$ cat my_file18.tsv   # TSV, C-alpha atoms and all ligand atoms
chain	number	residue	atom	x	y	z
A	1	MET	CA	-16.00	-2.36	18.76
A	2	SER	CA	-18.56	-4.61	20.49
A	3	GLU	CA	-20.91	-6.55	18.17
A	4	SER	CA	-24.01	-5.64	20.14
A	5	ILE	CA	-23.92	-1.86	19.80
A	6	GLN	CA	-26.09	-0.02	17.27
A	7	TYR	CA	-23.75	2.59	15.85
A	8	GLU	CA	-22.96	4.35	12.56
A	9	LEU	CA	-20.70	7.30	11.77
A	10	HIS	CA	-21.42	9.48	8.72
A	11	GLU	CA	-18.98	12.04	7.36
A	12	LEU	CA	-20.15	14.92	5.21
A	13	ASP	CA	-17.68	15.89	2.48
A	14	MET	CA	-18.40	19.58	2.89
A	15	LEU	CA	-15.99	19.64	5.85
A	16	LYS	CA	-13.12	19.41	3.41
A	17	VAL	CA	-14.14	22.32	1.20
A	18	ASP	CA	-13.30	25.98	1.70
A	19	VAL	CA	-11.28	25.51	4.91
A	20	ALA	CA	-8.14	27.03	3.39
A	21	ASP	CA	-10.04	29.89	1.71
A	22	GLU	CA	-12.01	30.63	4.85
A	23	LEU	CA	-8.96	30.72	7.12
A	24	LEU	CA	-6.88	32.84	4.75
A	25	ALA	CA	-9.74	35.29	4.17
A	26	GLY	CA	-10.19	35.69	7.95
A	27	LEU	CA	-6.50	36.39	8.48
A	28	GLN	CA	-6.38	38.93	5.64
A	29	GLN	CA	-9.13	41.15	7.10
A	30	THR	CA	-8.28	44.38	8.91
A	31	GLN	CA	-9.61	42.75	12.10
A	32	LYS	CA	-7.96	39.36	11.71
A	33	SER	CA	-10.21	36.50	12.71
A	34	ILE	CA	-10.43	32.71	12.97
A	35	ALA	CA	-13.93	31.16	13.25
A	36	PRO	CA	-14.58	29.41	16.60
A	37	LYS	CA	-15.30	26.07	14.91
A	38	TYR	CA	-11.49	25.78	14.42
A	39	PHE	CA	-11.02	25.40	18.19
A	40	TYR	CA	-12.17	21.83	17.91
A	41	ASP	CA	-9.52	19.34	16.92
A	42	GLU	CA	-9.29	16.42	19.36
A	43	ARG	CA	-7.06	18.44	21.74
A	44	GLY	CA	-9.46	21.39	21.57
A	45	SER	CA	-12.41	19.14	22.43
A	46	GLU	CA	-10.47	17.73	25.39
A	47	LEU	CA	-9.57	21.22	26.58
A	48	PHE	CA	-13.20	22.34	26.29
A	49	THR	CA	-14.22	19.40	28.47
A	50	GLU	CA	-11.57	20.51	31.01
A	51	ILE	CA	-12.97	24.06	30.96
A	52	THR	CA	-16.38	22.70	31.93
A	53	GLY	CA	-14.84	21.39	35.16
A	54	THR	CA	-13.27	24.70	36.25
A	55	GLN	CA	-14.71	26.48	39.25
A	56	GLU	CA	-15.17	29.70	37.24
A	57	TYR	CA	-17.12	28.09	34.35
A	58	TYR	CA	-20.59	28.03	35.95
A	59	VAL	CA	-22.20	27.39	32.53
A	60	THR	CA	-21.95	23.59	32.41
A	61	ARG	CA	-22.80	22.82	36.02
A	62	THR	CA	-25.77	25.20	35.95
A	63	GLU	CA	-27.15	23.65	32.76
A	64	ILE	CA	-26.59	20.12	34.11
A	65	ALA	CA	-28.45	21.00	37.32
A	66	LEU	CA	-31.40	22.26	35.23
A	67	LEU	CA	-31.39	19.09	33.12
A	68	LYS	CA	-31.42	16.99	36.29
A	69	GLN	CA	-34.12	19.04	37.99
A	70	TYR	CA	-36.48	19.44	35.03
A	71	GLY	CA	-35.49	16.45	32.83
A	72	ALA	CA	-38.89	14.77	33.25
A	73	GLU	CA	-40.71	17.91	32.02
A	74	MET	CA	-38.31	18.23	29.10
A	75	ALA	CA	-38.78	14.54	28.26
A	76	ALA	CA	-42.56	15.01	28.29
A	77	CYS	CA	-42.17	17.80	25.71
A	78	ILE	CA	-40.12	15.57	23.41
A	79	GLY	CA	-42.01	12.28	23.83
A	80	PRO	CA	-40.72	8.70	23.36
A	81	ASP	CA	-39.44	6.85	20.26
A	82	SER	CA	-38.06	10.02	18.74
A	83	LEU	CA	-35.06	10.81	16.62
A	84	LEU	CA	-33.08	13.06	18.98
A	85	ILE	CA	-30.50	15.17	17.13
A	86	GLU	CA	-27.77	16.90	19.16
A	87	TYR	CA	-25.98	19.81	17.49
A	88	GLY	CA	-22.34	20.09	18.69
A	89	SER	CA	-22.51	17.03	20.92
A	90	GLY	CA	-18.90	17.13	22.19
A	91	SER	CA	-18.48	14.64	25.04
A	92	SER	CA	-22.23	13.70	24.88
A	93	GLU	CA	-22.34	14.01	28.68
A	94	LYS	CA	-25.50	16.12	28.92
A	95	ILE	CA	-27.63	13.84	26.76
A	96	ARG	CA	-26.99	11.00	29.22
A	97	ILE	CA	-29.07	12.91	31.80
A	98	LEU	CA	-32.06	12.84	29.43
A	99	LEU	CA	-31.80	9.49	27.63
A	100	ASP	CA	-33.49	7.28	30.22
A	101	GLN	CA	-36.36	9.75	30.56
A	102	VAL	CA	-36.80	10.63	26.87
A	103	LYS	CA	-36.31	7.05	25.61
A	104	PRO	CA	-35.60	8.10	22.01
A	105	LYS	CA	-35.32	5.46	19.30
A	106	ILE	CA	-32.32	7.11	17.68
A	107	TYR	CA	-29.72	9.51	19.09
A	108	ALA	CA	-27.89	11.50	16.40
A	109	PRO	CA	-24.87	13.42	17.73
A	110	LEU	CA	-23.53	15.94	15.18
A	111	ASP	CA	-20.09	17.49	15.63
A	112	ILE	CA	-17.20	18.94	13.67
A	113	SER	CA	-14.51	17.22	15.79
A	114	ARG	CA	-14.45	13.78	14.15
A	115	ASP	CA	-12.36	11.58	16.43
A	116	TYR	CA	-13.79	13.03	19.62
A	117	LEU	CA	-17.32	12.60	18.22
A	118	ASP	CA	-16.57	9.00	17.24
A	119	SER	CA	-15.30	7.97	20.67
A	120	ALA	CA	-18.03	9.88	22.59
A	121	ALA	CA	-20.76	8.39	20.35
A	122	VAL	CA	-19.39	4.84	20.68
A	123	GLY	CA	-19.41	5.46	24.45
A	124	VAL	CA	-23.14	6.31	24.35
A	125	ALA	CA	-23.95	3.35	22.07
A	126	THR	CA	-22.10	1.00	24.43
A	127	GLU	CA	-23.75	2.36	27.56
A	128	TYR	CA	-27.27	2.34	26.01
A	129	PRO	CA	-27.49	-0.85	23.92
A	130	TRP	CA	-31.25	-0.27	23.34
A	131	LEU	CA	-30.46	2.99	21.51
A	132	GLU	CA	-29.50	3.42	17.84
A	133	VAL	CA	-26.67	5.97	17.64
A	134	LYS	CA	-26.19	7.67	14.25
A	135	ALA	CA	-23.32	10.14	14.49
A	136	ALA	CA	-22.43	12.64	11.78
A	137	CYS	CA	-19.29	14.71	11.42
A	138	LEU	CA	-20.31	18.00	9.83
A	139	ASP	CA	-20.20	21.78	10.11
A	140	TYR	CA	-23.57	22.97	11.37
A	141	THR	CA	-22.84	26.59	10.45
A	142	GLN	CA	-23.38	25.53	6.81
A	143	PRO	CA	-26.72	24.29	5.46
A	144	PHE	CA	-26.66	20.47	5.40
A	145	SER	CA	-29.01	17.54	4.83
A	146	LEU	CA	-29.18	14.91	7.54
A	147	PRO	CA	-27.56	11.70	6.30
A	148	PHE	CA	-30.46	9.60	7.65
A	149	ALA	CA	-34.27	9.68	7.52
A	150	LEU	CA	-36.44	11.59	10.01
A	151	LEU	CA	-38.93	9.72	12.20
A	152	ASP	CA	-42.51	10.83	12.90
A	153	ASN	CA	-41.29	12.28	16.18
A	154	CYS	CA	-38.03	14.28	16.06
A	155	ALA	CA	-36.37	16.75	18.42
A	156	GLY	CA	-33.20	18.80	18.48
A	157	PHE	CA	-30.90	19.37	21.46
A	158	PHE	CA	-28.46	22.31	21.35
A	159	PRO	CA	-26.91	22.73	24.80
A	160	GLY	CA	-23.82	24.55	26.08
A	161	SER	CA	-24.98	27.96	24.85
A	162	SER	CA	-23.21	27.30	21.56
A	163	ILE	CA	-26.00	29.41	20.03
A	164	GLY	CA	-24.05	32.33	21.56
A	165	ASN	CA	-21.22	31.76	19.05
A	166	PHE	CA	-23.51	32.98	16.26
A	167	THR	CA	-24.19	36.70	15.85
A	168	PRO	CA	-27.83	37.40	16.83
A	169	ASP	CA	-28.86	37.56	13.14
A	170	SER	CA	-27.10	34.34	12.20
A	171	ALA	CA	-28.51	32.68	15.35
A	172	ILE	CA	-32.00	33.37	13.95
A	173	GLU	CA	-30.94	31.94	10.58
A	174	PHE	CA	-29.51	28.83	12.27
A	175	LEU	CA	-32.64	28.31	14.38
A	176	SER	CA	-34.89	28.61	11.36
A	177	ARG	CA	-32.74	26.04	9.52
A	178	VAL	CA	-33.14	23.68	12.51
A	179	ARG	CA	-36.87	24.33	12.48
A	180	ASN	CA	-37.06	23.46	8.77
A	181	GLN	CA	-34.89	20.40	9.35
A	182	LEU	CA	-37.31	19.13	12.03
A	183	GLN	CA	-40.23	19.65	9.59
A	184	ASP	CA	-42.85	20.25	12.31
A	185	LYS	CA	-42.09	16.79	13.70
A	186	GLY	CA	-40.89	18.22	17.03
A	187	GLY	CA	-39.06	21.05	18.74
A	188	LEU	CA	-35.63	22.17	19.84
A	189	LEU	CA	-34.30	22.02	23.41
A	190	LEU	CA	-31.89	24.96	23.54
A	191	GLY	CA	-29.46	25.90	26.34
A	192	VAL	CA	-28.67	29.62	26.58
A	193	ASP	CA	-26.29	31.49	28.86
A	194	LEU	CA	-28.14	34.51	30.24
A	195	LYS	CA	-26.97	38.09	30.81
A	196	LYS	CA	-25.45	38.64	34.26
A	197	ASP	CA	-22.80	40.59	36.20
A	198	ASP	CA	-19.75	40.97	33.95
A	199	VAL	CA	-17.44	40.05	36.86
A	200	VAL	CA	-18.92	36.53	36.72
A	201	LEU	CA	-18.71	36.43	32.92
A	202	ASN	CA	-15.12	37.69	32.73
A	203	ALA	CA	-13.98	35.15	35.36
A	204	ALA	CA	-15.64	32.28	33.45
A	205	TYR	CA	-13.54	33.00	30.35
A	206	ASN	CA	-10.31	33.71	32.27
A	207	ASP	CA	-9.99	30.73	34.62
A	208	ALA	CA	-7.06	30.88	37.03
A	209	ALA	CA	-5.63	27.53	35.84
A	210	GLY	CA	-5.27	28.92	32.31
A	211	ILE	CA	-7.31	26.20	30.60
A	212	THR	CA	-9.36	28.65	28.54
A	213	ALA	CA	-6.09	30.32	27.52
A	214	ALA	CA	-4.70	26.94	26.39
A	215	PHE	CA	-7.97	26.24	24.54
A	216	ASN	CA	-7.78	29.59	22.75
A	217	LEU	CA	-4.11	29.14	21.79
A	218	ASN	CA	-4.73	25.60	20.58
A	219	VAL	CA	-6.62	27.06	17.60
A	220	LEU	CA	-3.24	28.09	16.15
A	221	SER	CA	-1.79	24.57	16.50
A	222	HIS	CA	-4.94	23.17	14.91
A	223	ILE	CA	-4.75	25.41	11.87
A	224	ASN	CA	-0.98	24.79	11.57
A	225	ASN	CA	-1.90	21.08	11.26
A	226	LEU	CA	-4.83	21.74	8.94
A	227	ILE	CA	-3.21	24.05	6.40
A	228	GLY	CA	0.53	23.96	7.16
A	229	SER	CA	0.80	27.52	8.50
A	230	ASN	CA	3.66	28.31	10.92
A	231	PHE	CA	2.06	30.17	13.85
A	232	ASP	CA	4.38	30.19	16.91
A	233	THR	CA	1.96	29.74	19.82
A	234	SER	CA	4.51	31.20	22.27
A	235	GLN	CA	4.13	34.54	20.44
A	236	PHE	CA	0.41	34.98	21.22
A	237	VAL	CA	-1.57	35.32	24.46
A	238	HIS	CA	-5.20	34.78	25.40
A	239	PHE	CA	-7.48	37.80	25.95
A	240	ALA	CA	-11.20	37.60	26.84
A	241	GLN	CA	-13.54	40.37	27.97
A	242	TYR	CA	-17.27	41.08	28.16
A	243	ASN	CA	-18.36	43.72	25.65
A	244	ASP	CA	-21.34	45.34	27.33
A	245	LYS	CA	-22.42	47.24	24.23
A	246	LEU	CA	-22.61	44.09	22.07
A	247	GLY	CA	-23.74	41.82	24.94
A	248	CYS	CA	-21.03	39.23	24.35
A	249	ILE	CA	-17.79	37.86	25.67
A	250	GLN	CA	-15.17	38.47	23.00
A	251	MET	CA	-12.10	36.28	22.81
A	252	PHE	CA	-8.89	37.20	21.05
A	253	LEU	CA	-5.26	36.08	20.66
A	254	GLU	CA	-2.88	39.01	21.11
A	255	SER	CA	0.43	39.10	19.26
A	256	LEU	CA	3.38	39.53	21.66
A	257	SER	CA	5.71	40.90	18.97
A	258	ASN	CA	5.93	42.28	15.45
A	259	GLN	CA	5.96	39.03	13.50
A	260	ARG	CA	5.28	37.38	10.16
A	261	VAL	CA	3.38	34.14	9.72
A	262	GLU	CA	3.31	32.07	6.53
A	263	VAL	CA	-0.22	30.96	5.66
A	264	LEU	CA	-0.89	29.09	2.41
A	265	GLY	CA	1.95	30.82	0.57
A	266	LYS	CA	1.02	34.31	1.84
A	267	THR	CA	2.86	36.29	4.51
A	268	ILE	CA	0.55	37.62	7.22
A	269	GLU	CA	2.10	40.46	9.24
A	270	PHE	CA	1.24	41.08	12.88
A	271	SER	CA	2.22	44.11	14.88
A	272	LYS	CA	2.88	43.83	18.64
A	273	GLY	CA	-0.45	44.03	20.46
A	274	GLU	CA	-2.54	43.19	17.37
A	275	MET	CA	-5.43	40.83	18.07
A	276	ILE	CA	-6.89	37.86	16.22
A	277	HIS	CA	-10.59	37.60	17.00
A	278	THR	CA	-11.40	33.95	17.81
A	279	GLU	CA	-14.85	33.91	19.44
A	280	ASP	CA	-17.92	35.88	20.40
A	281	SER	CA	-20.18	34.36	23.01
A	282	PHE	CA	-23.44	36.32	23.04
A	283	LYS	CA	-25.47	36.39	26.24
A	284	TYR	CA	-29.24	36.88	26.15
A	285	SER	CA	-32.11	37.80	28.46
A	286	VAL	CA	-35.10	35.43	28.56
A	287	SER	CA	-37.16	37.90	26.53
A	288	GLU	CA	-34.39	38.22	23.93
A	289	VAL	CA	-34.34	34.41	23.55
A	290	GLU	CA	-38.11	34.41	23.10
A	291	LEU	CA	-37.89	37.12	20.45
A	292	MET	CA	-35.09	35.26	18.65
A	293	ALA	CA	-37.11	32.00	18.70
A	294	ARG	CA	-40.24	33.70	17.34
A	295	SER	CA	-38.19	35.44	14.62
A	296	ALA	CA	-36.94	31.96	13.61
A	297	GLY	CA	-40.54	30.76	13.23
A	298	PHE	CA	-41.07	28.90	16.51
A	299	ASN	CA	-44.51	29.71	17.97
A	300	GLU	CA	-44.42	28.07	21.38
A	301	ILE	CA	-41.73	28.40	24.04
A	302	LYS	CA	-41.32	26.68	27.39
A	303	SER	CA	-38.46	27.75	29.64
A	304	TRP	CA	-36.60	26.60	32.73
A	305	THR	CA	-34.06	28.82	34.52
A	306	ASP	CA	-31.95	28.42	37.67
A	307	GLU	CA	-32.74	30.51	40.72
A	308	LYS	CA	-29.97	33.03	40.05
A	309	GLY	CA	-31.26	33.47	36.49
A	310	TRP	CA	-27.81	32.63	35.08
A	311	PHE	CA	-28.81	30.00	32.54
A	312	GLY	CA	-31.96	29.06	30.64
A	313	ILE	CA	-33.11	25.93	28.84
A	314	PHE	CA	-35.88	26.56	26.31
A	315	TYR	CA	-38.08	24.15	24.40
A	316	LEU	CA	-38.99	25.83	21.13
A	317	PHE	CA	-41.69	24.31	18.95
A	401	LIG	C1	-19.00	24.69	23.51
A	401	LIG	S1	-18.81	23.01	23.03
A	401	LIG	C2	-20.29	22.31	23.72
A	401	LIG	C3	-20.18	20.82	23.87
A	401	LIG	C4	-21.42	20.17	24.51
A	401	LIG	N1	-22.57	20.27	23.62
A	401	LIG	C5	-21.75	20.81	25.82
A	401	LIG	O1	-22.81	21.41	25.93
A	401	LIG	O2	-20.95	20.69	26.75
A	401	LIG	C6	-19.20	23.13	21.32
A	401	LIG	C7	-19.28	21.80	20.60
A	401	LIG	O3	-19.76	22.03	19.29
A	401	LIG	C8	-18.84	21.53	18.32
A	401	LIG	N2	-18.84	22.49	17.23
A	401	LIG	C9	-18.35	23.76	17.26
A	401	LIG	N3	-18.55	24.36	16.07
A	401	LIG	C10	-19.19	23.44	15.29
A	401	LIG	C11	-19.66	23.47	13.96
A	401	LIG	N4	-19.53	24.57	13.20
A	401	LIG	N5	-20.26	22.36	13.46
A	401	LIG	C12	-20.39	21.24	14.23
A	401	LIG	N6	-19.96	21.15	15.50
A	401	LIG	C13	-19.37	22.25	16.02
A	401	LIG	C14	-17.52	21.43	19.02
A	401	LIG	O4	-16.69	20.43	18.45
A	401	LIG	C15	-17.94	21.11	20.45
A	401	LIG	O5	-18.07	19.73	20.66

$ encode --input "my_file18.tsv" --output "structure tokens" --more "lines below"
Ligand SMILES: C[S@@+](CC[C@H](N)C(=O)[O-])C[C@H]1O[C@@H](n2cnc3c(N)ncnc32)[C@H](O)[C@@H]1O
Amino acid sequence: MSESIQYELHELDMLKVDVADELLAGLQQTQKSIAPKYFYDERGSELFTEITGTQEYYVTRTEIALLKQYGAEMAACIGPDSLLIEYGSGSSEKIRILLDQVKPKIYAPLDISRDYLDSAAVGVATEYPWLEVKAACLDYTQPFSLPFALLDNCAGFFPGSSIGNFTPDSAIEFLSRVRNQLQDKGGLLLGVDLKKDDVVLNAAYNDAAGITAAFNLNVLSHINNLIGSNFDTSQFVHFAQYNDKLGCIQMFLESLSNQRVEVLGKTIEFSKGEMIHTEDSFKYSVSEVELMARSAGFNEIKSWTDEKGWFGIFYLF
């Protein structure tokens, strides 16, 4: 690592607790499930980055266009010399659009995928030598304390519509935790995928090149590595569909046969056609986002949307 970069990586121990219990409990339910955070080992993070480049996945390019078009207005909301905390930073590509305009003092990328976080964060620290980069590997679905002090001016950045992976009630809980974490020292810049024609939504989660399918299946390889289970990935297939009633894309892995899988000393039986639920991705209208933000305790909301109304970026404070 270069001597001149300002970089630290913190790891929160809580990542190591409850993983086995949580996975086993999910697989023992009537509707078997694996939480979406288990998509993200290093391979999963790479596959997600590949998804963002597919023609069908309008989400990333639409959000990036909004960041480019309205970055100066967003930067004015945040102000300079801040601590800028990114929740689920992944490749840290989107923050690069804002850094020169926001001019934060510290950038704090938070992510569950340790090695990917480390290399993306070192990349930012190297490219922006004036910036202190304080990365932290943690699970943001659990309450956590930041492993560094706040500054007088702080802001959160939560792009990619990852808020959609929470149920609407837990999204409100998460947003109010972020609000408490920021302690009235600043607001949250939140990217949200908006409700639209389900043909567009279904295509985005079923790309023709099969990258989303590979991403979904990779969760089984990841948990085999994590807890020594013996899922055979060739015996499951990707399924994703918009559920109009719930207002979310639902992603599953469908069992291709009657089969048994050993998980932590227990045998989990699957019948042919049975599904493991791996992700919900809730879509919102602008007014639903506003209601959610107010329910989480934010009083003021600024918003920017693209001309098709497909994606919104909101500054909540
Ligand atoms: C959908 S990707 C978005 C990546 C990037 N922010 C973007 O907008 O392109 C979700 C990111 O959040 C991270 N992530 C998912 N669940 C997480 C959790 N529970 N705690 C921390 N990070 C998480 C993943 O590793 C991944 O980098």

$ residues_around --input "my_file18.tsv" --residues "A:Pro159" --least-positions-apart "6" --cutoff "12 Å" --atoms "all atoms listed in the file" --output "VMD selection string"
chain A and resid 59 to 64 66 to 67 85 to 95 109 188 to 193 311 to 315

$ atom_distance --input "my_file18.tsv" --atom1 "atom CA of A:Phe270" --atom2 "atom CA of A:Ser234"
14.0 Å

$ atom_distance --input "my_file18.tsv" --atom1 "atom CA of A:Ala120" --atom2 "atom CA of A:Gly71"
21.3 Å

$ closest_atom_pairs --input "my_file18.tsv" --of "chain A" --to "ligand LIG 401 (chain A)" --cutoff "6 Å" --atoms "all atoms listed in the file" --output "tab-separated table"
residue	atom	partner	partner_atom	distance
A:Lys37	CA	A:LIG401	N3	3.9
A:Tyr40	CA	A:LIG401	O4	4.8
A:Ser45	CA	A:LIG401	O5	6.0
A:Gly88	CA	A:LIG401	O3	3.3
A:Ser89	CA	A:LIG401	N1	4.2
A:Gly90	CA	A:LIG401	O5	3.1
A:Asp111	CA	A:LIG401	N6	3.7
A:Ile112	CA	A:LIG401	C12	4.0
A:Ser113	CA	A:LIG401	O4	4.7
A:Leu138	CA	A:LIG401	C12	5.5
A:Asp139	CA	A:LIG401	N5	3.4
A:Tyr140	CA	A:LIG401	N5	4.0
A:Thr141	CA	A:LIG401	N4	4.8
A:Pro159	CA	A:LIG401	O1	4.5
A:Gly160	CA	A:LIG401	O1	3.3
A:Ser162	CA	A:LIG401	C1	5.3

$ residues_around --input "my_file18.tsv" --residues "A:Ser4" --least-positions-apart "4" --cutoff "12 Å" --atoms "all atoms listed in the file" --output "list in words"
Val122, Ala125, Thr126, Glu127, Tyr128, Pro129, Trp130, Leu131 and Glu132 of chain A

$ closest_residue --input "my_file18.tsv" --among "A:Cys154, A:Ile78, A:Leu83, A:Ala121" --to "A:Asn180" --atoms "only C-alpha atoms"
A:Cys154

$ residues_near_point --input "my_file18.tsv" --point "(-31.9, 22.5, 15.8)" --cutoff "7 Å" --atoms "only C-alpha atoms" --output "JSON, numbers by chain"
{"A": [87, 156, 157, 158, 175, 178, 179, 188]}

$ closest_residue --input "my_file18.tsv" --among "A:Ile34, A:Val102, A:Val237, A:Ile5" --to "A:Lys134" --atoms "all atoms listed in the file"
A:Ile5

$ atom_distance --input "my_file18.tsv" --atom1 "atom CA of A:Cys248" --atom2 "atom CA of A:Asp280"
6.0 Å

$ closest_residue --input "my_file18.tsv" --among "A:Ile51, A:Leu9, A:Leu150, A:Ala75" --to "A:Ala204" --atoms "all atoms listed in the file"
A:Ile51

$ axis_aligned_box --input "my_file18.tsv" --around "stretch 280-289 of chain A" --padding-each-side "5 Å" --output "lines of an AutoDock Vina configuration file"
center_x = -27.5
center_y = 36.3
center_z = 24.5
size_x = 29.2
size_y = 13.9
size_z = 18.2

$ closest_residue --input "my_file18.tsv" --among "A:Leu256, A:Leu98, A:Leu146, A:Leu47" --to "A:Thr212" --atoms "only C-alpha atoms"
A:Leu47

$ closest_residue --input "my_file18.tsv" --among "A:Gln28, A:Gln250, A:Ser170, A:Gln183" --to "A:Met292" --atoms "all atoms listed in the file"
A:Ser170

$ closest_residue --input "my_file18.tsv" --among "A:Thr305, A:Leu226, A:Lys196, A:Glu279" --to "A:Leu264" --atoms "only C-alpha atoms"
A:Leu226

$ residues_around --input "my_file18.tsv" --residues "A:Asp41" --least-positions-apart "2" --cutoff "8 Å" --atoms "all atoms listed in the file" --output "list of chain:residue names"
A:Tyr38, A:Phe39, A:Arg43, A:Gly44, A:Ser45, A:Ser113, A:Arg114, A:His222
